[in-house]
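Have a look at final11.cif; it's mmCIF, C-alpha atoms:
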```cif
data_run
loop_
_atom_site.label_atom_id
_atom_site.label_comp_id
_atom_site.auth_asym_id
_atom_site.auth_seq_id
_atom_site.Cartn_x
_atom_site.Cartn_y
_atom_site.Cartn_z
CA MET A 479 0.00 0.00 0.00
CA ASN A 480 1.19 3.47 -0.79
CA TYR A 481 1.36 4.74 2.73
CA GLY A 482 3.27 7.66 4.24
CA ILE A 483 2.66 10.01 1.39
CA VAL A 484 -0.74 10.13 -0.18
CA SER A 485 -1.14 11.80 -3.53
CA GLN A 486 -3.32 14.85 -3.85
CA GLU A 487 -5.51 12.97 -6.26
CA GLN A 488 -6.04 10.12 -3.79
CA LEU A 489 -6.90 12.53 -1.00
CA GLU A 490 -9.38 14.40 -3.14
CA LYS A 491 -11.09 11.14 -4.06
CA ILE A 492 -11.24 10.08 -0.42
CA ASP A 493 -12.63 13.47 0.65
CA GLU A 494 -15.28 13.15 -2.02
CA ILE A 495 -16.26 9.68 -0.82
CA LEU A 496 -16.50 10.89 2.79
CA SER A 497 -18.62 13.91 1.84
CA ASP A 498 -20.93 11.95 -0.44
CA LYS A 499 -21.44 8.93 1.72
CA LEU A 500 -21.22 10.20 5.29
CA ILE A 501 -21.42 14.00 5.65
CA LYS A 502 -24.47 14.19 3.34
CA LEU A 503 -26.08 11.49 5.44
CA GLY A 504 -25.89 13.81 8.45
CA VAL A 505 -22.66 12.68 10.11
CA ASP A 506 -21.13 15.66 11.99
CA CYS A 507 -17.49 14.87 11.46
CA VAL A 508 -15.43 12.12 9.81
CA ILE A 509 -11.72 11.62 10.37
CA ILE A 510 -9.29 9.14 8.88
CA ILE A 511 -6.24 8.62 11.07
CA ASP A 512 -3.30 6.26 11.11
CA MET A 513 -2.45 4.10 14.10
CA ALA A 514 0.28 6.55 15.15
CA GLY A 515 -2.35 9.23 15.70
CA ASN A 516 -1.74 11.29 12.56
CA ILE A 517 -4.67 12.75 10.69
CA ILE A 518 -4.89 11.65 7.08
CA THR A 519 -7.97 13.72 6.37
CA ALA A 520 -10.88 15.26 8.25
CA LYS A 521 -14.27 16.36 6.94
CA ASP A 522 -17.11 17.97 8.84
CA ASN A 523 -20.50 19.50 8.23
CA GLY A 524 -19.14 23.00 8.83
CA GLU A 525 -20.79 23.31 12.22
CA SER A 526 -18.87 20.95 14.46
CA LYS A 527 -15.86 22.42 16.27
CA TYR A 528 -13.90 19.39 17.38
CA ASP A 529 -10.22 19.55 18.22
CA VAL A 530 -9.39 16.88 15.65
CA TYR A 531 -5.67 16.65 16.46
CA SER A 532 -6.18 15.76 20.12
CA PHE A 533 -9.03 13.54 19.06
CA ALA A 534 -6.79 11.61 16.67
CA ALA A 535 -4.12 11.04 19.33
CA LEU A 536 -6.68 9.75 21.82
CA ALA A 537 -8.53 7.66 19.25
CA ALA A 538 -5.33 5.94 18.13
CA GLY A 539 -4.49 5.19 21.76
CA ASN A 540 -7.99 3.96 22.43
CA PHE A 541 -8.01 1.68 19.42
CA ALA A 542 -4.56 0.31 20.19
CA THR A 543 -5.69 -0.50 23.73
CA VAL A 544 -8.76 -2.33 22.51
CA ASP A 545 -6.61 -4.19 19.99
CA ALA A 546 -4.31 -5.34 22.78
CA MET A 547 -7.35 -6.48 24.79
CA ALA A 548 -8.62 -8.45 21.80
CA LYS A 549 -5.34 -10.34 21.66
CA LEU A 550 -5.62 -11.11 25.39
CA VAL A 551 -8.97 -12.84 24.92
CA GLY A 552 -7.70 -14.72 21.88
CA GLU A 553 -9.31 -12.58 19.17
CA GLN A 554 -7.40 -11.42 16.08
CA GLU A 555 -8.96 -7.97 16.45
CA PHE A 556 -12.09 -6.07 17.32
CA SER A 557 -12.47 -4.33 14.02
CA LEU A 558 -15.11 -1.86 15.13
CA LEU A 559 -15.91 0.18 18.19
CA PHE A 560 -18.90 2.25 19.13
CA HIS A 561 -19.32 4.80 21.91
CA LYS A 562 -22.82 6.00 22.70
CA GLY A 563 -23.62 9.29 24.40
CA GLN A 564 -26.74 11.38 25.13
CA GLU A 565 -26.31 13.72 22.19
CA SER A 566 -23.43 12.38 20.18
CA ASN A 567 -21.94 9.05 19.30
CA ILE A 568 -18.62 7.90 17.92
CA HIS A 569 -18.08 4.98 15.60
CA PHE A 570 -14.60 3.58 14.85
CA SER A 571 -13.90 1.17 12.05
CA LYS A 572 -10.65 -0.26 10.78
CA ILE A 573 -9.86 0.38 7.11
CA ASP A 574 -6.72 -1.75 7.19
CA ASP A 575 -3.83 -2.46 9.57
CA GLU A 576 -2.70 1.17 9.48
CA LEU A 577 -5.84 3.24 9.03
CA LEU A 578 -8.93 3.97 11.05
CA LEU A 579 -12.18 5.67 10.03
CA ILE A 580 -13.93 7.63 12.77
CA SER A 581 -17.45 9.01 12.43
CA MET A 582 -19.08 11.34 14.94
CA PHE A 583 -22.82 11.62 14.67
CA GLY A 584 -25.89 12.77 16.56
CA ARG A 585 -29.19 11.20 17.50
CA ASP A 586 -30.86 11.55 14.12
CA ILE A 587 -28.90 8.75 12.42
CA SER A 588 -29.42 5.12 13.30
CA LEU A 589 -26.34 3.05 14.02
CA GLY A 590 -27.36 0.37 11.54
CA PHE A 591 -27.71 2.84 8.69
CA LEU A 592 -24.36 4.41 9.54
CA ARG A 593 -22.67 1.01 9.63
CA LEU A 594 -24.00 0.08 6.21
CA ASN A 595 -22.58 3.29 4.80
CA VAL A 596 -19.28 2.90 6.63
CA VAL A 597 -18.80 -0.55 5.08
CA ASP A 598 -19.42 0.97 1.68
CA VAL A 599 -17.03 3.87 2.31
CA ILE A 600 -14.25 1.55 3.46
CA GLU A 601 -14.63 -0.58 0.37
CA LYS A 602 -14.36 2.52 -1.82
CA ILE A 603 -11.35 3.89 0.08
CA ARG A 604 -9.53 0.58 -0.27
CA ASN A 605 -10.10 0.83 -4.00
CA VAL A 606 -8.53 4.29 -4.02
CA TRP A 607 -5.41 2.96 -2.26
CA GLY A 608 -5.37 -0.04 -4.55
CA SER A 609 -5.55 2.11 -7.67
CA LYS A 610 -2.03 3.52 -7.14
CA MET B 1447 6.50 7.65 10.24
CA SER B 1448 5.39 11.23 9.78
CA PHE B 1449 2.37 11.89 7.71
CA ILE B 1450 2.61 14.34 4.86
CA ASN B 1451 -0.56 15.76 3.39
CA LEU B 1452 0.23 17.03 -0.10
CA LYS B 1453 -3.22 18.51 -0.59
CA ASP B 1454 -3.34 20.74 2.48
CA LYS B 1455 0.48 20.96 2.63
CA VAL B 1456 0.76 19.77 6.21
CA VAL B 1457 3.53 17.66 7.76
CA GLN B 1458 2.78 16.01 11.11
CA VAL B 1459 5.85 15.20 13.18
CA LYS B 1460 5.56 12.89 16.19
CA ILE B 1461 8.06 13.46 18.98
CA VAL B 1462 8.05 11.25 22.09
CA TYR B 1463 9.57 12.11 25.48
CA TYR B 1464 10.85 8.83 26.92
CA GLY B 1465 12.54 8.01 30.22
CA PRO B 1466 12.21 6.33 33.62
CA GLY B 1467 9.38 7.08 36.04
CA ARG B 1468 9.39 10.54 37.66
CA CYS B 1469 12.24 11.82 35.47
CA GLY B 1470 10.27 14.85 34.30
CA LYS B 1471 8.74 14.02 30.91
CA THR B 1472 5.35 15.49 31.75
CA THR B 1473 7.06 18.47 33.42
CA ASN B 1474 8.85 19.20 30.12
CA LEU B 1475 5.54 19.28 28.28
CA GLU B 1476 3.87 21.37 30.97
CA TYR B 1477 6.64 23.96 30.73
CA ILE B 1478 6.35 24.06 26.93
CA ASN B 1479 2.58 24.37 27.20
CA ARG B 1480 2.90 27.36 29.57
CA THR B 1481 5.70 29.13 27.74
CA TYR B 1482 4.49 28.77 24.14
CA ARG B 1483 0.79 29.17 24.85
CA LYS B 1484 0.36 31.51 21.84
CA GLN B 1485 1.45 28.87 19.32
CA ILE B 1486 -0.62 26.12 20.87
CA VAL B 1487 -4.16 25.99 19.61
CA SER B 1488 -5.52 23.19 21.72
CA GLU B 1489 -5.34 22.10 25.32
CA MET B 1490 -2.71 19.66 26.56
CA VAL B 1491 -4.26 16.24 26.98
CA SER B 1492 -3.09 14.22 29.99
CA LEU B 1493 -4.28 10.73 30.79
CA LYS B 1494 -3.21 10.21 34.36
CA THR B 1495 -3.97 8.27 37.49
CA HIS B 1496 -5.47 9.79 40.63
CA GLY B 1497 -1.96 10.09 41.99
CA ASP B 1498 -1.03 12.38 39.06
CA ARG B 1499 1.16 9.76 37.41
CA THR B 1500 0.93 9.40 33.65
CA LEU B 1501 -1.33 6.44 32.84
CA PHE B 1502 -1.27 6.42 29.06
CA PHE B 1503 0.34 9.54 27.61
CA ASP B 1504 0.35 13.33 27.54
CA PHE B 1505 -0.28 14.96 24.21
CA LEU B 1506 0.58 18.49 23.16
CA PRO B 1507 0.23 19.63 19.55
CA PHE B 1508 1.60 22.92 18.22
CA ASP B 1509 2.32 24.69 14.96
CA MET B 1510 5.90 25.45 14.10
CA GLY B 1511 5.22 27.61 11.05
CA GLN B 1512 6.16 26.79 7.48
CA ILE B 1513 9.09 25.14 5.73
CA LYS B 1514 9.07 25.38 1.93
CA GLY B 1515 5.35 26.09 1.95
CA TYR B 1516 4.47 23.17 4.21
CA ASP B 1517 2.82 23.72 7.59
CA ILE B 1518 4.77 21.80 10.24
CA LYS B 1519 2.59 20.42 13.02
CA ILE B 1520 4.61 19.14 15.93
CA GLN B 1521 2.93 16.57 18.15
CA LEU B 1522 4.59 15.99 21.48
CA TYR B 1523 3.85 12.83 23.44
CA THR B 1524 5.16 11.45 26.71
CA VAL B 1525 5.12 7.81 27.72
CA PRO B 1526 4.15 6.53 31.18
CA GLY B 1527 7.44 6.00 33.00
CA GLN B 1528 6.45 3.36 35.52
CA VAL B 1529 8.02 -0.04 34.87
CA LYS B 1530 4.70 -1.92 34.66
CA TYR B 1531 3.42 0.16 31.73
CA ASN B 1532 5.75 -1.08 29.02
CA ALA B 1533 2.91 -2.28 26.79
CA THR B 1534 1.56 1.27 26.78
CA ARG B 1535 4.99 2.77 26.13
CA LYS B 1536 5.29 0.59 23.06
CA LEU B 1537 1.92 1.79 21.76
CA VAL B 1538 2.93 5.43 22.11
CA LEU B 1539 6.18 4.80 20.20
CA ARG B 1540 4.30 3.66 17.13
CA GLY B 1541 5.16 5.90 14.18
CA VAL B 1542 7.60 8.06 16.16
CA ASP B 1543 9.80 10.55 14.26
CA GLY B 1544 12.07 11.76 17.06
CA ILE B 1545 12.75 10.92 20.70
CA VAL B 1546 13.92 12.94 23.69
CA PHE B 1547 15.37 10.63 26.30
CA VAL B 1548 14.90 12.35 29.65
CA ALA B 1549 17.36 10.95 32.18
CA ASP B 1550 17.08 11.63 35.89
CA ALA B 1551 20.42 13.08 37.03
CA MET B 1552 19.89 12.08 40.68
CA GLU B 1553 22.56 9.66 41.82
CA LYS B 1554 20.11 7.07 43.08
CA GLN B 1555 18.38 6.88 39.68
CA ARG B 1556 21.48 5.80 37.80
CA GLU B 1557 20.36 2.18 37.29
CA LYS B 1558 16.84 3.18 36.25
CA ASN B 1559 18.09 5.45 33.47
CA ILE B 1560 20.16 2.65 31.97
CA ARG B 1561 17.33 0.15 32.23
CA SER B 1562 14.88 2.54 30.62
CA LEU B 1563 17.24 3.30 27.73
CA ASN B 1564 17.77 -0.42 27.12
CA GLN B 1565 14.06 -0.94 27.03
CA LEU B 1566 13.66 1.93 24.55
CA HIS B 1567 16.16 0.12 22.34
CA GLU B 1568 14.09 -3.09 22.55
CA ASN B 1569 10.78 -1.32 22.01
CA LEU B 1570 12.08 0.42 18.89
CA GLN B 1571 13.32 -2.89 17.54
CA SER B 1572 9.79 -4.27 17.73
CA TYR B 1573 8.84 -1.57 15.17
CA LYS B 1574 11.97 -2.33 13.15
CA GLU B 1575 13.43 1.04 14.10
CA SER B 1576 16.95 1.46 15.43
CA ILE B 1577 17.92 3.62 18.38
CA PHE B 1578 21.15 4.35 16.48
CA LYS B 1579 19.29 5.76 13.48
CA ILE B 1580 16.23 7.54 14.84
CA PRO B 1581 16.64 11.25 15.75
CA LEU B 1582 17.41 11.26 19.47
CA VAL B 1583 18.37 13.92 22.01
CA MET B 1584 19.51 13.26 25.59
CA GLN B 1585 18.28 15.48 28.37
CA TYR B 1586 19.96 15.20 31.77
CA ASN B 1587 17.19 16.58 33.92
CA LYS B 1588 17.05 17.90 37.49
CA VAL B 1589 20.51 19.53 37.55
CA ASP B 1590 18.96 22.26 39.74
CA LEU B 1591 18.83 19.77 42.63
CA LYS B 1592 22.57 20.23 43.14
CA GLU B 1593 21.88 23.61 44.74
CA HIS B 1594 19.63 21.90 47.25
CA GLY B 1595 22.38 19.56 48.32
CA ILE B 1596 20.93 16.48 46.65
CA PRO B 1597 23.69 14.33 45.12
CA ILE B 1598 23.49 14.29 41.34
CA LEU B 1599 25.57 12.42 38.79
CA PRO B 1600 28.30 14.36 37.00
CA ILE B 1601 27.63 14.84 33.29
CA SER B 1602 30.69 12.72 32.46
CA VAL B 1603 29.12 9.74 34.25
CA LEU B 1604 25.74 10.23 32.57
CA GLN B 1605 27.46 10.54 29.21
CA LYS B 1606 29.42 7.35 29.82
CA ASP B 1607 26.33 5.45 31.02
CA LEU B 1608 23.89 6.56 28.36
CA ASN B 1609 25.57 8.27 25.47
CA SER B 1610 28.97 6.63 24.95
CA ARG B 1611 27.78 4.58 21.98
CA LEU B 1612 24.85 6.65 20.78
CA LYS B 1613 26.81 9.94 20.68
CA VAL B 1614 23.69 12.08 20.26
CA PRO B 1615 23.30 15.75 21.26
CA TYR B 1616 22.74 16.22 25.00
CA TYR B 1617 21.59 18.96 27.36
CA GLU B 1618 21.73 19.47 31.08
CA ALA B 1619 18.31 20.68 32.03
CA SER B 1620 15.85 21.52 34.72
CA ALA B 1621 12.33 20.95 33.45
CA ILE B 1622 10.77 22.51 36.52
CA THR B 1623 12.55 25.86 36.04
CA GLY B 1624 12.60 25.58 32.25
CA TYR B 1625 16.40 25.56 31.93
CA ASN B 1626 17.27 24.06 28.51
CA VAL B 1627 13.75 22.75 27.94
CA ALA B 1628 13.40 24.90 24.83
CA ALA B 1629 16.94 24.04 23.67
CA THR B 1630 16.14 20.32 23.90
CA LEU B 1631 12.89 20.83 22.00
CA LYS B 1632 14.51 22.91 19.26
CA LYS B 1633 17.22 20.33 18.77
CA ILE B 1634 14.85 17.37 18.47
CA ILE B 1635 12.53 19.27 16.12
CA SER B 1636 15.40 20.20 13.81
CA SER B 1637 16.87 16.66 13.83
CA SER B 1638 13.44 15.14 13.15
CA VAL B 1639 12.59 17.53 10.33
CA ILE B 1640 16.01 17.01 8.71
CA SER B 1641 15.58 13.24 8.97
CA ILE B 1642 12.13 13.42 7.34
CA GLN B 1643 13.55 15.60 4.56
CA LYS B 1644 16.31 13.06 3.95
CA LYS B 1645 13.83 10.20 3.72
CA LEU B 1646 11.90 12.11 1.10
CA LEU B 1647 14.83 12.95 -1.14
#
```
Step by step, read the file and then write its structure as structure tokens.
Amino acid sequence: MNYGIVSQEQLEKIDEILSDKLIKLGVDCVIIIDMAGNIITAKDNGESKYDVYSFAALAAGNFATVDAMAKLVGEQEFSLLFHKGQESNIHFSKIDDELLLISMFGRDISLGFLRLNVVDVIEKIRNVWGSK
Amino acid sequence: MSFINLKDKVVQVKIVYYGPGRCGKTTNLEYINRTYRKQIVSEMVSLKTHGDRTLFFDFLPFDMGQIKGYDIKIQLYTVPGQVKYNATRKLVLRGVDGIVFVADAMEKQREKNIRSLNQLHENLQSYKESIFKIPLVMQYNKVDLKEHGIPILPISVLQKDLNSRLKVPYYEASAITGYNVAATLKKIISSSVISIQKKLL
């Protein structure tokens, strides 16, 4: 996989996929990070004011911790994570060994619908990586 | 590995402060956070225990300005120093671009510094990185304690213990008063950025 440097073209395609498939659906903010806590790209609906850099560092730590727990109970991985709150929720899904897709969304989207779209988005993003 | 965004022209550089427990890693970051408040857009994140010990990591991001049109975003992390948290230390080291090894200059901590440095060497190996190749700066912290009559190791001993083979830049420092905290930071940022540039050429 072409990782480390992503071409402008690849990033634009990924941004487009995120906007089309998740932001238009009503997701507040979508971030793709690597497991070191770097942000690959972030898209939001223009209203959310999240500190995405701190978020990425914590999310990478969180995911790594859960991954280590999975190994302890004999699982290969827990490939998705979901945190539910009163007003907002966070959904984490692994794109591949290095990348993580994080969606933050409110009460008006059902988890099932989001998950269907996330699966679709991940498939499309993998194709973008694969195309180079 | 640093991440370079060609579209938004952003380079993210991950720098980790590593060292034995209570050597002053978090204190370094706290001083930087206070002193360079203007350049820091977000709050410092600290995941700690009730006893104020680092549990997972501290995180402090700041903007360094531009190099050749690219925005440089520096992300400072610390590791938890306590011996039992090595699994967590390993996680924080993932994708690191530069390391500051903070050694405790107090005489009684001599063994712990050496053990911690050896473990850093092992942890880097698990990511197929080499302590001899990665940008590294030594900081001999707590030199201010000498004035309070607490026995500290002479720099020559610290150099022999920790830096005789690595031969990396080193600073005497006092994280609590801020002495050489900025110098250490500047040095590791420049070594890390130069190393990233080299990888790209």
Q) Where does the PyMOL selection byres ((chain A) within 10 of (chain B)) land in this file, that is, which residues does it pick, as an NGL selection string? A) :A and (481-490 or 511-519 or 529-533 or 535-536 or 538-540 or 542-543 or 546)
Take the residues just selected and output them with C-alpha atoms as a compact mmCIF listing (two decimals), in the frame of the given file.
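Final output, saved to again-v3.txt:
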```txt
# COMPACT_ATOMS: atom_id res chain seq x y z
CA TYR A 481 1.36 4.74 2.73
CA GLY A 482 3.27 7.66 4.24
CA ILE A 483 2.66 10.01 1.39
CA VAL A 484 -0.74 10.13 -0.18
CA SER A 485 -1.14 11.80 -3.53
CA GLN A 486 -3.32 14.85 -3.85
CA GLU A 487 -5.51 12.97 -6.26
CA GLN A 488 -6.04 10.12 -3.79
CA LEU A 489 -6.90 12.53 -1.00
CA GLU A 490 -9.38 14.40 -3.14
CA ILE A 511 -6.24 8.62 11.07
CA ASP A 512 -3.30 6.26 11.11
CA MET A 513 -2.45 4.10 14.10
CA ALA A 514 0.28 6.55 15.15
CA GLY A 515 -2.35 9.23 15.70
CA ASN A 516 -1.74 11.29 12.56
CA ILE A 517 -4.67 12.75 10.69
CA ILE A 518 -4.89 11.65 7.08
CA THR A 519 -7.97 13.72 6.37
CA ASP A 529 -10.22 19.55 18.22
CA VAL A 530 -9.39 16.88 15.65
CA TYR A 531 -5.67 16.65 16.46
CA SER A 532 -6.18 15.76 20.12
CA PHE A 533 -9.03 13.54 19.06
CA ALA A 535 -4.12 11.04 19.33
CA LEU A 536 -6.68 9.75 21.82
CA ALA A 538 -5.33 5.94 18.13
CA GLY A 539 -4.49 5.19 21.76
CA ASN A 540 -7.99 3.96 22.43
CA ALA A 542 -4.56 0.31 20.19
CA THR A 543 -5.69 -0.50 23.73
CA ALA A 546 -4.31 -5.34 22.78
```
Q: Please measure the separation of CA of Asn1479 (chain B) and CA of Ser1636 (chain B), giving the value in Å to one decimal.
A: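 Straight-line distance from CA of Asn1479 (chain B) to CA of Ser1636 (chain B) works out to 19.0 Å.
Counting all atoms listed in the file and comparing B:Met1552, B:Val1589, B:Val1529, B:Ile1598, the residue that lies closest to Ala1621 (chain B) is B:Val1589.
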Q: Enumerate, as a PyMOL selection string, the residues matched when the PyMOL selection byres ((chain B and resi 1464) around 10) is run on the file above.
A: chain B and resi 1461-1463+1465-1467+1469-1472+1523-1527+1535+1538-1539+1545-1549+1562-1563+1566+1584
(Q) Between CA of Leu1608 (chain B) and CA of Ser1620 (chain B), what distance in Å does the model show, to one decimal? (A)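 Spanning CA of Leu1608 (chain B) to CA of Ser1620 (chain B) is a straight-line distance of 18.1 Å.
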Q: Can you turn the PyMOL selection byres ((chain A and resi 571) around 7) into a concrete residue list for this file, as a PyMOL selection string?
A: chain A and resi 557-559+569-570+572-573+578-580
Q | Distance query 9 Å from (26.0, 10.5, 43.3) using all atoms listed in the file, result as a list in words | A | Ala1551, Met1552, Glu1553, Lys1554, Arg1556, Ile1596, Pro1597, Ile1598, Leu1599 and Pro1600 of chain B
Q | Of the listed residues B:Gly1544, B:Gly1595, B:Gly1624, B:Gly1515, that which approaches Lys1579 (chain B) most closely, counting all atoms listed in the file | A | B:Gly1544
Residue contacts of Ile587 (chain A) (10 Å, only C-alpha atoms) excluding same-chain residues fewer than 4 positions away, as a compact mmCIF listing (two decimals) with C-alpha atoms, keeping the file's coordinate frame:
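File produced: selection30.txt:
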```
# COMPACT_ATOMS: atom_id res chain seq x y z
CA LEU A 503 -26.08 11.49 5.44
CA GLY A 504 -25.89 13.81 8.45
CA VAL A 505 -22.66 12.68 10.11
CA ASN A 567 -21.94 9.05 19.30
CA PHE A 583 -22.82 11.62 14.67
CA PHE A 591 -27.71 2.84 8.69
CA LEU A 592 -24.36 4.41 9.54
```
Q) In Å, how far is it from CA of Tyr1625 (chain B) to CA of Thr1473 (chain B)? A) 11.8 Å
